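The structure file data.cif is reproduced below (mmCIF, C-alpha atoms).
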```cif
data_work
#
loop_
_atom_site.label_atom_id
_atom_site.label_comp_id
_atom_site.auth_asym_id
_atom_site.auth_seq_id
_atom_site.Cartn_x
_atom_site.Cartn_y
_atom_site.Cartn_z
CA MET A 468 115.46 94.12 122.21
CA SER A 469 115.21 90.89 124.24
CA VAL A 470 111.76 91.94 125.45
CA CYS A 471 110.74 92.72 121.86
CA ALA A 472 111.93 89.31 120.66
CA LEU A 473 110.11 87.52 123.48
CA LEU A 474 106.82 89.29 122.80
CA ILE A 475 106.97 88.66 119.06
CA SER A 476 108.11 85.07 119.47
CA THR A 477 105.30 84.26 121.89
CA THR A 478 102.64 85.83 119.69
CA LEU A 479 103.88 84.24 116.48
CA THR A 480 104.04 80.82 118.09
CA ALA A 481 100.33 80.99 118.85
CA ALA A 482 99.30 82.77 115.67
CA LEU A 483 101.19 80.70 113.11
CA ALA A 484 100.74 77.25 114.62
CA GLU A 485 98.23 74.85 113.12
CA GLU A 486 96.74 72.09 115.21
CA PRO A 487 96.41 68.72 113.46
CA ALA A 488 92.97 67.35 112.82
CA GLY A 489 91.77 64.70 115.24
CA GLU A 490 91.34 61.07 114.22
CA GLY A 491 88.39 60.66 111.91
CA ALA A 492 87.96 64.38 111.47
CA LEU A 493 87.48 65.90 108.05
CA GLU A 494 90.60 67.42 106.51
CA PRO A 495 90.36 71.13 107.35
CA GLY A 496 90.78 73.79 104.72
CA PRO A 497 93.37 76.52 105.04
CA ARG A 498 92.76 78.45 108.21
CA PRO A 499 92.97 82.23 108.49
CA VAL A 500 96.13 83.43 110.20
CA PHE A 501 95.51 86.05 112.86
CA LEU A 502 98.37 88.24 114.05
CA ALA A 503 97.95 90.69 116.88
CA LEU A 504 101.16 91.80 118.47
CA PRO A 505 102.81 94.71 120.19
CA LEU A 506 104.94 96.68 117.78
CA VAL A 507 108.40 97.41 119.10
CA SER A 508 110.90 98.84 116.63
CA TYR A 509 114.07 100.85 116.69
CA ASP A 510 115.49 103.17 114.09
CA SER A 511 118.44 105.48 114.63
CA ASN A 512 116.47 108.21 112.83
CA LEU A 513 113.02 107.71 114.35
CA ARG A 514 114.25 106.28 117.69
CA LEU A 515 112.29 103.78 119.78
CA GLY A 516 108.90 102.93 118.32
CA LEU A 517 105.99 101.52 120.30
CA GLY A 518 102.57 100.59 119.01
CA ALA A 519 100.43 97.74 117.81
CA PHE A 520 100.06 95.76 114.61
CA GLY A 521 97.12 93.62 113.59
CA GLN A 522 96.79 91.39 110.55
CA VAL A 523 94.42 88.80 109.16
CA ILE A 524 95.77 86.61 106.35
CA LEU A 525 93.49 84.31 104.38
CA PRO A 526 95.74 81.68 102.72
CA ASP A 527 95.28 80.70 99.10
CA PRO A 528 95.04 76.87 98.92
CA SER A 529 95.81 76.93 95.18
CA GLY A 530 99.16 78.64 95.71
CA GLU A 531 98.51 80.89 92.71
CA THR A 532 98.63 84.04 94.86
CA PRO A 533 100.55 84.81 98.08
CA TYR A 534 97.18 84.84 99.93
CA ARG A 535 93.50 85.37 99.23
CA ALA A 536 93.34 88.50 101.37
CA ASN A 537 95.55 90.44 103.74
CA LEU A 538 93.92 92.96 106.07
CA SER A 539 96.28 94.94 108.29
CA THR A 540 96.41 97.94 110.56
CA GLN A 541 99.15 99.71 112.46
CA LEU A 542 99.53 102.28 115.22
CA LEU A 543 103.09 103.50 115.74
CA PHE A 544 104.53 106.28 117.89
CA THR A 545 108.27 106.87 118.31
CA THR A 546 110.39 108.81 120.76
CA GLY A 547 111.77 110.75 117.76
CA GLY A 548 108.45 112.56 117.29
CA TYR A 549 107.27 110.28 114.49
CA GLN A 550 103.81 108.76 113.98
CA ASN A 551 102.78 106.30 111.25
CA HIS A 552 99.27 104.83 111.38
CA PHE A 553 97.49 103.01 108.59
CA LEU A 554 94.62 100.81 107.51
CA ARG A 555 95.26 98.55 104.51
CA ALA A 556 93.37 95.97 102.49
CA ASP A 557 95.23 93.80 99.97
CA LEU A 558 93.14 91.51 97.75
CA PRO A 559 95.37 89.61 95.25
CA ALA A 560 92.44 88.07 93.34
CA LEU A 561 89.50 90.44 93.74
CA GLY A 562 86.26 88.50 93.42
CA GLY A 563 88.12 85.56 91.87
CA SER A 564 89.25 87.74 88.95
CA ARG A 565 92.70 88.68 87.68
CA TRP A 566 92.50 92.02 89.49
CA ARG A 567 94.52 92.77 92.59
CA LEU A 568 93.45 95.77 94.67
CA MET A 569 95.31 97.43 97.53
CA VAL A 570 93.87 100.42 99.34
CA THR A 571 95.81 102.25 102.06
CA ALA A 572 94.75 105.10 104.30
CA ARG A 573 97.74 106.53 106.15
CA ARG A 574 98.50 109.26 108.66
CA ILE A 575 102.09 110.45 109.11
CA ALA A 576 103.24 113.13 111.53
CA TRP A 577 106.89 113.90 112.23
CA THR A 578 107.93 116.83 114.42
CA ARG A 579 111.61 116.27 113.58
CA ALA A 580 111.53 115.60 109.82
CA PRO A 581 114.90 116.39 108.18
CA TYR A 582 115.72 118.72 105.30
CA TYR A 583 119.39 118.88 104.30
CA GLY A 584 118.97 120.74 101.02
CA LEU A 585 118.61 119.58 97.42
CA GLY A 586 120.95 117.60 95.21
CA PRO A 587 123.92 115.26 95.73
CA ASP A 588 126.06 118.00 97.33
CA SER A 589 123.65 118.69 100.20
CA ALA A 590 125.27 118.67 103.64
CA ARG A 591 124.18 118.14 107.21
CA SER A 592 124.60 120.87 109.82
CA GLU A 593 126.54 120.72 113.07
CA ASP A 594 123.34 121.94 114.74
CA PRO A 595 120.72 119.19 114.21
CA GLY A 596 117.88 121.63 114.86
CA HIS A 597 118.90 123.65 111.80
CA ASP A 598 117.95 120.72 109.55
CA LEU A 599 114.52 120.00 111.02
CA TRP A 600 110.92 120.80 110.10
CA ALA A 601 107.48 119.52 111.16
CA GLN A 602 105.52 117.31 108.78
CA SER A 603 101.80 116.50 108.88
CA ARG A 604 100.48 114.19 106.14
CA TRP A 605 97.11 112.58 105.39
CA LEU A 606 97.25 110.12 102.53
CA LEU A 607 94.90 107.86 100.61
CA ARG A 608 96.31 105.54 97.95
CA ALA A 609 94.67 102.93 95.76
CA ASP A 610 96.61 100.48 93.59
CA ALA A 611 94.89 98.17 91.10
CA ARG A 612 96.66 95.39 89.18
CA ALA A 613 95.23 93.17 86.45
CA GLY A 614 96.79 89.91 85.37
CA LEU A 615 97.63 89.36 81.70
CA PRO A 616 98.45 86.07 80.01
CA GLY A 617 101.74 84.77 81.38
CA PRO A 618 103.70 86.54 84.14
CA PHE A 619 102.67 90.07 83.13
CA GLU A 620 100.29 92.54 84.76
CA VAL A 621 99.17 96.10 84.21
CA PHE A 622 98.50 98.46 87.09
CA GLY A 623 97.15 101.86 87.94
CA ALA A 624 97.54 104.03 91.03
CA LEU A 625 95.82 107.04 92.53
CA ASN A 626 97.60 109.01 95.27
CA VAL A 627 95.88 111.81 97.18
CA GLN A 628 97.63 113.52 100.07
CA ARG A 629 97.45 116.68 102.10
CA GLU A 630 100.82 117.94 103.28
CA GLY A 631 101.28 120.28 106.22
CA VAL A 632 104.69 121.96 106.53
CA SER A 633 106.06 124.17 109.31
CA ALA A 634 109.59 125.15 110.30
CA ASP A 635 111.44 127.49 112.62
CA PRO A 636 112.34 130.82 110.93
CA ASN A 637 116.04 130.02 111.40
CA ALA A 638 115.81 126.49 110.00
CA ARG A 639 117.37 125.59 106.65
CA LEU A 640 113.93 124.96 105.13
CA SER A 641 112.75 128.47 106.03
CA GLN A 642 115.91 130.02 104.61
CA GLU A 643 115.89 128.13 101.29
CA GLN A 644 112.08 127.96 100.85
CA PRO A 645 112.01 125.24 98.14
CA LEU A 646 108.87 124.53 96.14
CA GLY A 647 106.20 123.15 98.48
CA PHE A 648 107.47 125.09 101.49
CA ASP A 649 103.89 126.23 102.27
CA GLY A 650 102.46 122.69 102.04
CA GLY A 651 99.36 121.87 100.05
CA ARG A 652 97.49 119.13 98.23
CA LEU A 653 99.28 116.62 96.02
CA VAL A 654 97.35 114.34 93.64
CA TRP A 655 98.87 112.09 91.02
CA LEU A 656 97.77 109.28 88.72
CA GLY A 657 100.08 106.49 87.66
CA ALA A 658 100.01 103.52 85.30
CA GLY A 659 102.47 100.85 84.34
CA VAL A 660 103.30 97.24 83.54
CA ILE A 661 104.65 94.49 85.83
CA TYR A 662 106.61 91.32 85.21
CA GLU A 663 106.41 88.88 88.14
CA GLY A 664 108.59 85.80 87.81
CA ARG A 665 109.63 85.15 91.43
CA ASP A 666 108.76 81.92 93.22
CA ASN A 667 107.51 83.76 96.33
CA GLU A 668 106.58 87.38 96.84
CA VAL A 669 107.25 87.59 100.59
CA ASN A 670 110.52 85.63 100.73
CA PRO A 671 111.76 84.89 97.17
CA ARG A 672 114.51 82.36 96.52
CA ARG A 673 114.67 82.60 92.74
CA GLY A 674 113.24 84.60 89.87
CA LEU A 675 112.89 88.16 88.67
CA ALA A 676 110.26 90.88 89.12
CA ALA A 677 110.19 94.24 87.32
CA ASP A 678 107.85 97.19 86.95
CA LEU A 679 107.88 100.23 84.66
CA SER A 680 105.48 103.07 85.41
CA PHE A 681 104.61 106.66 84.57
CA ARG A 682 102.80 109.20 86.72
CA VAL A 683 101.40 112.69 86.33
CA SER A 684 100.38 115.40 88.78
CA SER A 685 98.37 118.35 87.54
CA PRO A 686 95.90 121.03 88.71
CA TRP A 687 93.23 119.32 86.59
CA LEU A 688 93.51 116.42 89.04
CA GLY A 689 93.14 118.78 91.99
CA SER A 690 96.87 119.01 92.72
CA ASP A 691 98.72 122.19 93.63
CA TRP A 692 101.71 121.13 91.50
CA ALA A 693 102.27 119.93 87.94
CA TYR A 694 104.98 117.39 87.14
CA GLN A 695 105.55 114.04 85.44
CA GLY A 696 107.60 111.06 86.54
CA VAL A 697 108.91 107.72 85.29
CA ASN A 698 110.07 104.80 87.43
CA LEU A 699 111.82 101.49 86.74
CA GLY A 700 112.28 98.84 89.41
CA VAL A 701 113.91 95.42 89.02
CA ARG A 702 114.17 92.87 91.87
CA GLY A 703 115.70 89.42 91.62
CA ALA A 704 116.89 86.42 93.61
CA VAL A 705 119.27 83.61 92.71
CA PRO A 706 119.87 80.51 94.89
CA LEU A 707 123.55 79.77 95.48
CA GLY A 708 122.81 76.57 97.37
CA ASP A 709 120.21 75.12 99.71
CA ARG A 710 120.82 77.80 102.35
CA VAL A 711 122.15 80.80 100.41
CA VAL A 712 120.24 83.30 98.24
CA TRP A 713 121.69 86.30 96.41
CA ALA A 714 119.06 89.07 96.19
CA SER A 715 119.41 92.33 94.24
CA ASN A 716 117.35 95.44 93.59
CA LEU A 717 117.66 98.24 91.02
CA ILE A 718 115.63 101.48 91.03
CA VAL A 719 115.72 104.44 88.63
CA ASP A 720 113.24 107.27 89.13
CA ALA A 721 113.13 110.65 87.32
CA ARG A 722 110.73 113.60 87.56
CA PHE A 723 110.15 116.59 85.29
CA GLY A 724 108.30 119.78 86.19
CA GLU A 725 107.27 121.39 89.48
CA GLU A 726 107.69 118.76 92.17
CA PRO A 727 107.41 119.80 95.85
CA PHE A 728 110.46 119.24 98.03
CA PHE A 729 108.71 116.79 100.36
CA THR A 730 108.42 114.14 97.63
CA MET A 731 111.92 114.65 96.22
CA SER A 732 113.37 112.26 98.84
CA SER A 733 111.12 109.43 97.64
CA PHE A 734 110.34 107.42 94.51
CA ALA A 735 107.24 105.80 93.08
CA GLY A 736 106.76 102.36 91.52
CA LEU A 737 106.13 99.12 93.41
CA SER A 738 109.40 98.96 95.34
CA ARG A 739 109.05 98.76 99.12
CA GLY A 740 109.69 101.76 101.31
CA GLY A 741 110.08 104.40 98.65
CA VAL A 742 112.33 106.72 100.71
CA LEU A 743 116.04 107.51 100.29
CA GLY A 744 118.04 106.73 103.40
CA GLY A 745 116.95 105.06 106.62
CA ARG A 746 114.93 101.87 106.69
CA TRP A 747 114.70 100.75 103.06
CA THR A 748 117.36 102.18 100.74
CA LEU A 749 120.85 103.60 101.20
CA ARG A 750 120.88 102.13 104.69
CA GLY A 751 123.44 103.80 106.92
CA LEU A 752 122.30 107.30 105.95
CA PRO A 753 119.56 109.19 107.82
CA GLU A 754 115.95 108.96 106.71
CA GLU A 755 115.18 111.24 103.73
CA ARG A 756 118.85 112.19 103.55
CA LEU A 757 118.91 112.95 99.79
CA ARG A 758 116.47 114.92 97.61
CA GLY A 759 116.66 115.42 93.87
CA ASP A 760 114.90 115.41 90.50
CA GLY A 761 115.98 111.83 89.99
CA VAL A 762 117.57 108.88 91.73
CA ALA A 763 119.42 105.74 90.69
CA LEU A 764 120.35 103.07 93.21
CA THR A 765 121.13 99.39 93.53
CA GLN A 766 121.02 97.06 96.54
CA HIS A 767 122.51 93.62 97.10
CA GLU A 768 122.02 91.08 99.91
CA LEU A 769 123.44 87.62 100.60
CA ARG A 770 120.73 85.85 102.62
CA VAL A 771 122.39 82.92 104.40
CA THR A 772 120.08 80.61 106.37
CA VAL A 773 121.87 79.44 109.51
CA ILE A 774 119.03 77.81 111.51
CA GLU A 775 115.83 76.08 110.40
CA HIS A 776 113.26 74.65 112.81
CA SER A 777 109.52 74.41 113.40
CA VAL A 778 107.31 75.79 116.14
CA ARG A 779 104.20 73.65 116.60
CA GLY A 780 104.33 72.68 112.96
CA ALA A 781 105.11 76.16 111.61
CA PRO A 782 108.48 76.40 109.79
CA TRP A 783 110.89 79.12 110.93
CA ALA A 784 114.22 80.11 109.39
CA TRP A 785 116.92 82.44 110.74
CA SER A 786 119.36 84.10 108.34
CA LEU A 787 122.45 86.28 108.46
CA VAL A 788 122.43 88.90 105.71
CA PRO A 789 125.47 90.97 104.69
CA PHE A 790 124.33 93.79 102.37
CA VAL A 791 125.42 96.86 100.42
CA ASP A 792 123.39 99.79 99.02
CA VAL A 793 124.82 102.17 96.40
CA GLY A 794 123.12 105.17 94.77
CA GLN A 795 122.83 108.90 94.22
CA VAL A 796 120.40 111.69 93.30
CA TRP A 797 120.75 114.43 90.68
CA LEU A 798 119.27 117.80 89.71
CA TRP A 799 118.52 118.70 86.09
CA ASP A 800 119.98 122.21 86.43
CA ALA A 801 123.19 121.14 88.21
CA PRO A 802 126.32 119.18 87.22
CA PRO A 803 126.08 115.39 87.58
CA PRO A 804 127.17 113.93 90.93
CA GLU A 805 130.86 113.13 91.32
CA THR A 806 130.49 110.68 94.22
CA LEU A 807 128.17 107.84 95.17
CA ALA A 808 126.35 107.28 98.44
CA VAL A 809 127.27 103.86 99.84
CA GLY A 810 125.89 102.00 102.83
CA ALA A 811 126.81 98.50 103.98
CA GLY A 812 126.16 96.28 106.95
CA LEU A 813 124.86 93.04 108.40
CA GLY A 814 121.30 91.92 109.08
CA LEU A 815 119.52 89.19 111.01
CA ARG A 816 116.23 87.90 109.53
CA LEU A 817 113.49 85.63 110.81
CA VAL A 818 111.16 84.15 108.21
CA ALA A 819 108.04 82.63 109.80
CA LYS A 820 105.95 80.25 107.69
CA GLU A 821 106.94 82.16 104.50
CA LEU A 822 104.30 84.74 105.50
CA LEU A 823 106.19 87.13 107.75
CA VAL A 824 109.75 88.47 107.76
CA LEU A 825 111.27 90.24 110.77
CA ARG A 826 114.64 91.92 110.39
CA VAL A 827 117.37 93.69 112.31
CA ASP A 828 119.85 95.59 110.12
CA VAL A 829 122.97 97.40 111.32
CA ALA A 830 124.31 99.66 108.54
CA ARG A 831 127.24 102.03 108.24
CA SER A 832 127.94 104.80 105.75
CA VAL A 833 129.89 108.06 105.38
CA ASP A 834 127.92 111.32 105.35
CA THR A 835 128.70 114.89 104.28
CA TYR A 836 128.65 117.83 106.73
CA ALA A 837 128.85 121.56 106.12
CA GLU A 838 131.47 121.96 108.87
CA ALA A 839 134.87 120.25 109.15
CA PRO A 840 135.45 117.40 109.18
CA THR A 841 133.12 117.31 106.20
CA ARG A 842 133.11 113.49 105.90
CA ARG A 843 132.00 111.56 108.97
CA PRO A 844 130.85 107.99 109.63
CA SER A 845 127.11 107.38 110.02
CA THR A 846 125.62 104.28 111.66
CA GLN A 847 121.99 103.16 111.57
CA VAL A 848 120.26 100.42 113.56
CA LEU A 849 116.93 99.24 112.11
CA VAL A 850 114.44 96.83 113.70
CA LEU A 851 111.31 96.24 111.63
CA SER A 852 109.51 93.78 109.34
CA GLU A 853 109.84 92.71 105.67
CA HIS A 854 112.86 92.34 103.46
CA PRO A 855 113.81 95.77 102.07
CA PHE A 856 113.13 94.39 98.57
#
```
How would this structure read if it were set down as structure tokens?
Amino acid sequence: MSVCALLISTTLTAALAEEPAGEGALEPGPRPVFLALPLVSYDSNLRLGLGAFGQVILPDPSGETPYRANLSTQLLFTTGGYQNHFLRADLPALGGSRWRLMVTARRIAWTRAPYYGLGPDSARSEDPGHDLWAQSRWLLRADARAGLPGPFEVFGALNVQREGVSADPNARLSQEQPLGFDGGRLVWLGAGVIYEGRDNEVNPRRGLAADLSFRVSSPWLGSDWAYQGVNLGVRGAVPLGDRVVWASNLIVDARFGEEPFFTMSSFAGLSRGGVLGGRWTLRGLPEERLRGDGVALTQHELRVTVIEHSVRGAPWAWSLVPFVDVGQVWLWDAPPPETLAVGAGLGLRLVAKELLVLRVDVARSVDTYAEAPTRRPSTQVLVLSEHPF
């Protein structure tokens, strides 16, 4: 991790610094920020990740949007058999209009993807290989948002993906054969409304953001499955002093119809991550630990700034972040869950120039196993970028 920190620190120092104009020179406009850095991450589920990340940020001098444009790309390979590569374009004010467009092309391959069963009573196996399958996903997603008078927006989304699924004949997935076991094509359309009242999208200190959306997947869209979903997400931040911010997140997501198993561990909406367990939600549990027809969860963080300084004129802030995540999934044809999944821990965050957040989270939870002892501690170490919400 010391090598990772050194590489990132050196690159950010050069990328985020702004040289002052010479005497008599014209006042320069906002300069593009170029980031090109080696990507070194660690996740207890995905293991050591190595790759590269590139980003070009065009600042917005008016301050009305987080930036004029954000173009990014990633190549990531991990020692846990996981690949995640993408190209993304984010234009907050497309052509000077109220429209914001984000288009992402992504490739995900995971030779050790987990499947622990469906519902809140699913359990891990003593033999890790029994819970594994191989995933191969190609995905194209477009999100369009249009500003309305005041802090409101409407948005639409189109998701097209091709899912490849394979598993050992003795694996749990082969034995249970849930819907989507053979893989296929998933297409869905979504629409919703957004309220954005935070002071900063990347690193908010105060305000509230919320989104309510509906989505539909159907053969008339070219999908192999037919289902409908609804999602509510609410994210907020409250300053408790000059150096302390309380941040919270609430997500409720429910689906009705024939949804394939490989999306039942995720949720839609505009919340980051979108996967249960691992890097973003219910930290302390393995990635994609829970699958169900619906999910409800809440997250809370106390972001305490302990060091503030500048690097060649660029402001940096280091924070300690105790956190807790609480939630659970449910199935429509099963009794409601009797217990909650809880994960808690401590994080270290670096916020560079209010444009980039790097984080290290150490989380602990208690997981359920099929063999005795059925309740065992689970610890996750996560090294990646962005606040989880």
If the PyMOL selection byres ((chain A and resi 711-728) around 6) is run on the structure shown, which residues does it catch, given as an MDAnalysis selection string? chainID A and resid 646:647 692:708 710 729:731 760:771
Please evaluate the PyMOL selection byres ((chain A and resi 600) around 6) against the displayed coordinates and give the resulting residues as an mmCIF file with C-alpha atoms, in the frame of the given file.
```cif
data_model
loop_
_atom_site.group_PDB
_atom_site.id
_atom_site.type_symbol
_atom_site.label_atom_id
_atom_site.label_comp_id
_atom_site.auth_asym_id
_atom_site.auth_seq_id
_atom_site.Cartn_x
_atom_site.Cartn_y
_atom_site.Cartn_z
ATOM 1 C CA ARG A 579 111.610 116.270 113.580
ATOM 2 C CA ALA A 580 111.530 115.600 109.820
ATOM 3 C CA LEU A 599 114.520 120.000 111.020
ATOM 4 C CA ALA A 601 107.480 119.520 111.160
ATOM 5 C CA SER A 633 106.060 124.170 109.310
ATOM 6 C CA ALA A 634 109.590 125.150 110.300
#
```
Quick one: distance from CA of Phe520 in chain A to CA of Leu558 in chain A in Å, one decimal?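 If I compute the distance from CA of Phe520 in chain A to CA of Leu558 in chain A, I get 18.7 Å.
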On this structure, which residues satisfy the PyMOL selection byres ((chain A and resi 603) around 7), written as an MDAnalysis selection string? chainID A and resid 575:577 601:602 604 630:632
How about saving the chosen residues, C-alpha atoms kept, as a PDB file, in the frame of the given file?
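That gives us part-v8.pdb:
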```
ATOM      1  CA  ILE A 575     102.090 110.450 109.110  1.00  0.00           C
ATOM      2  CA  ALA A 576     103.240 113.130 111.530  1.00  0.00           C
ATOM      3  CA  TRP A 577     106.890 113.900 112.230  1.00  0.00           C
ATOM      4  CA  ALA A 601     107.480 119.520 111.160  1.00  0.00           C
ATOM      5  CA  GLN A 602     105.520 117.310 108.780  1.00  0.00           C
ATOM      6  CA  ARG A 604     100.480 114.190 106.140  1.00  0.00           C
ATOM      7  CA  GLU A 630     100.820 117.940 103.280  1.00  0.00           C
ATOM      8  CA  GLY A 631     101.280 120.280 106.220  1.00  0.00           C
ATOM      9  CA  VAL A 632     104.690 121.960 106.530  1.00  0.00           C
TER      10      VAL A 632
END
```
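Between Leu607 in chain A and the residues A:Pro581, A:Asp635, A:Arg652, A:Ala519, the shortest atom-to-atom distance, using all atoms listed in the file, involves A:Arg652.
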Pairwise distance for CA of Gly518 in chain A and CA of Leu542 in chain A, rounded to one decimal in Å: 5.1 Å
To one decimal place in Å, what is the distance between CA of Leu807 in chain A and CA of Gly794 in chain A? 5.7 Å
Taking 3 positions as the minimum chain separation for residues in the same chain, which residues sit within 12 Å of Ile774 in chain A when counting only C-alpha atoms? Answer as JSON, numbers by chain. {"A": [710, 711, 771, 777, 782, 783, 784, 785, 786, 787, 815, 816, 817, 818]}
Between A:Asp709, A:Asp588, A:Glu853, A:Glu755, single out the one closest to Glu805 in chain A, counting all atoms listed in the file. A:Asp588
Using only C-alpha atoms, the shortest atom-to-atom distance to Gly650 in chain A among A:Asp678, A:Leu825, A:Val621, A:Trp605 belongs to A:Trp605
Smallest atom-to-atom distance to Gly689 in chain A: which of A:Glu668, A:Asn626, A:Val660, A:Trp566, using all atoms listed in the file? A:Asn626
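Between Gly547 in chain A and the candidates A:Arg682, A:Arg843, A:Arg498, A:Arg514, the tightest atom-to-atom separation, counting all atoms listed in the file, involves A:Arg514.
Distances to Leu525 in chain A were evaluated for A:Ala781, A:Ala560, A:Leu568, A:Leu688 using all atoms listed in the file, and the minimum falls at A:Ala560.
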